[in-house]
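Below is one structure, written out as structure tokens; the observations come after it.
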Amino acid sequence: LGNPETNDAEDWRGIVDYAWSHAIVSDETYKIIIESCDFKSNDTWSSEICSQGVDEVLKQYHEIDIYSLYTPVCIRDTAASDDRSMLQVMMKRTSNMIPRIMGGFDPCLDDYAKAFYNRLDVQKALHVSDGHHLKNWSICNMTIYNNWTGSEPSVLPIYKKLIAAGVRIWVYSGDTDGRVPVLSTRYSISTLGLPITKTWRPWYHEKQ
């Protein structure tokens with residue numbers, strides 16, 4: 001599992017701590033969130049102060065790719081030109097954020113896909129237009145997204161069942177993702193209280 005959403009409470013804590021530790025947000029904003037947000041509560045977003053604080057964190061990613069902190073963003077981005085508050089999308093407890101499809105390092109890939117699949121000839125070739133030109137295809141269908149109810153706030157109970165059954169689980173996480181940062185993963189896994197059998201060490205793949 002790579003950079004997976006694991007447990008809402010620890011995931012949100014990791015998002016906030018990561019943003020602060022990577023100088024995305026100010027000490028003042030971080031302090032407000034720490035003092036006003038209880039991410040373990042089922043009613044986290046009822047606190048307006050907490051919601052505003054987290055919204056400020058997400059706003060700071062406006063000119064930064066939250067999925068790849070040091071990757072350039074698409075300056076002419078229209079695929080993500082929606083003026084909704086990022087918080088409205090991300091704070092849904094039932095959400096599964098669709099990860100950005102990174103093909104190589106072209107930050108405008110989503111824009112290319114949107115333009116390509118909105119072409120009438122492409123739609124005819126794929127037999128999806130039914131004779132009509134669909135002009136508003138997008139990477140993420142917000143109607144489906146807003147009505148999605150098939151997500152759980154935590155998969156830790158599933159991990160526990162798999163571990164008890166002898167299934168080995170590999171969870172890895174990078175340090176350039178602000179959406180499901182390595183801190184979120186570490187916080188979530190630590191709540192399982194698993195025994196440590198090997199010391200911390202570098203991980204190499206093909207000598208890298």
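Chains: A, B, ... in order of the structure tokens. Residues: from 1 per chain. Ligands: from 1, in order shown.
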Quick one: pick out all helix (DSSP H, G or I) residues within region 5-58 of chain A from a backbone DSSP run and write them as a count of residues only. 38
Rounded to one decimal in Å, what is the spacing between CA of Pro153 (chain A) and CA of Glu5 (chain A)?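 Computing the Euclidean distance for CA of Pro153 (chain A) and CA of Glu5 (chain A) yields 9.0 Å.
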Just want the 10 Å neighbourhood of Tyr61 (chain A), counted on only C-alpha atoms, with same-chain residues fewer than 4 positions away dropped. Output as an MDAnalysis selection string. chainID A and resid 19 24:25 56:57 65:67 69 86 178
For those residues, write C-alpha atoms to a file as a compact mmCIF listing (two decimals), in the first residue's frame.
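Saved as result_28.txt:
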# COMPACT_ATOMS: atom_id res chain seq x y z
CA ALA A 19 2.36 21.26 6.54
CA ILE A 24 3.67 25.46 4.45
CA VAL A 25 1.83 27.21 7.28
CA GLU A 56 -5.95 27.86 5.80
CA VAL A 57 -3.57 24.90 5.60
CA ASP A 65 1.08 20.36 -5.81
CA ILE A 66 -0.14 18.82 -2.56
CA TYR A 67 0.53 15.33 -3.94
CA LEU A 69 5.48 19.05 -2.96
CA MET A 86 -10.51 22.65 -0.80
CA GLY A 178 1.25 16.48 1.66
With distances taken over only C-alpha atoms, which of A:Ser190, A:Ser129, A:Asn3, A:Ser151 is nearest to Asp175 (chain A)?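 Once distances to Asp175 (chain A) are computed over only C-alpha atoms, the minimum belongs to A:Asn3.
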Using Å and a single decimal, report how far CA of Ala113 (chain A) sits from CA of Val128 (chain A).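 Pair CA of Val128 (chain A) / CA of Ala113 (chain A) returns 15.5 Å.
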Give the answer as one residue: which of A:Lys207, A:Leu109, A:Val180, A:Lys114 has the shortest atom-to-atom distance to Asn141 (chain A), using only C-alpha atoms?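 Nearest to Asn141 (chain A): A:Lys114.
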CA of Ser47 (chain A) sits from CA of Glu28 (chain A) at a separation of 17.4 Å
I'd like the neighbourhood of region 197-205 of chain A as number ranges by chain, where a residue qualifies if any of its atoms comes within 12 Å (using only C-alpha atoms), though same-chain residues fewer than 5 positions away should be ignored. A: 172-174
Let's see if you can do this: from backbone DSSP, list all strand (DSSP E or B) residues in chain A, as number ranges by chain. A: 2, 7, 154, 172
So that I have them on file, write out the residues from the current selection with N, CA and C atoms, as a PDB file, in the first residue's frame.
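Heads up, here's the output in out_24.pdb:
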ATOM      1  N   GLY A   2       0.725   2.106  -0.992  1.00  0.00           N
ATOM      2  CA  GLY A   2       1.548   3.295  -1.093  1.00  0.00           C
ATOM      3  C   GLY A   2       0.795   4.560  -0.740  1.00  0.00           C
ATOM      4  N   ASN A   7      -6.404   6.042   8.566  1.00  0.00           N
ATOM      5  CA  ASN A   7      -7.256   6.319   9.720  1.00  0.00           C
ATOM      6  C   ASN A   7      -7.474   7.830   9.788  1.00  0.00           C
ATOM      7  N   SER A 154     -11.684   4.405   8.903  1.00  0.00           N
ATOM      8  CA  SER A 154     -10.433   3.744   9.271  1.00  0.00           C
ATOM      9  C   SER A 154     -10.385   2.337   8.691  1.00  0.00           C
ATOM     10  N   TYR A 172       4.122   1.655   2.526  1.00  0.00           N
ATOM     11  CA  TYR A 172       5.254   2.554   2.307  1.00  0.00           C
ATOM     12  C   TYR A 172       4.742   3.962   2.022  1.00  0.00           C
TER      13      TYR A 172
END
Rank A:Asn136, A:Thr71, A:Thr6, A:Gln60 by their smallest atom-to-atom distance to Tyr187 (chain A), using only C-alpha atoms, and report the top residue only. A:Thr6
Quick one: residues within 9 Å of Arg13 (chain A), only C-alpha atoms counted, chain neighbours fewer than 3 positions away excluded, as an mmCIF file with C-alpha atoms, in the first residue's frame?
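Final file, result20.cif:
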data_model
loop_
_atom_site.group_PDB
_atom_site.id
_atom_site.type_symbol
_atom_site.label_atom_id
_atom_site.label_comp_id
_atom_site.auth_asym_id
_atom_site.auth_seq_id
_atom_site.Cartn_x
_atom_site.Cartn_y
_atom_site.Cartn_z
ATOM 1 C CA ASP A 8 -9.008 9.696 9.531
ATOM 2 C CA ALA A 9 -7.875 10.971 12.917
ATOM 3 C CA GLU A 10 -4.194 10.198 12.353
ATOM 4 C CA VAL A 16 -1.393 19.394 9.657
ATOM 5 C CA ASP A 17 1.945 18.399 11.210
ATOM 6 C CA TYR A 18 3.485 17.844 7.774
ATOM 7 C CA ILE A 34 -3.677 22.170 17.709
ATOM 8 C CA PHE A 39 -9.535 14.883 14.885
ATOM 9 C CA LEU A 183 3.630 11.372 9.210
ATOM 10 C CA SER A 184 0.027 10.242 8.724
ATOM 11 C CA TYR A 187 0.884 7.890 13.269
#
Residues near Leu120 (chain A), anyone? I mean within 9 Å using only C-alpha atoms, not counting same-chain ones fewer than 6 positions away, as an NGL selection string. :A and (129 or 132-135)
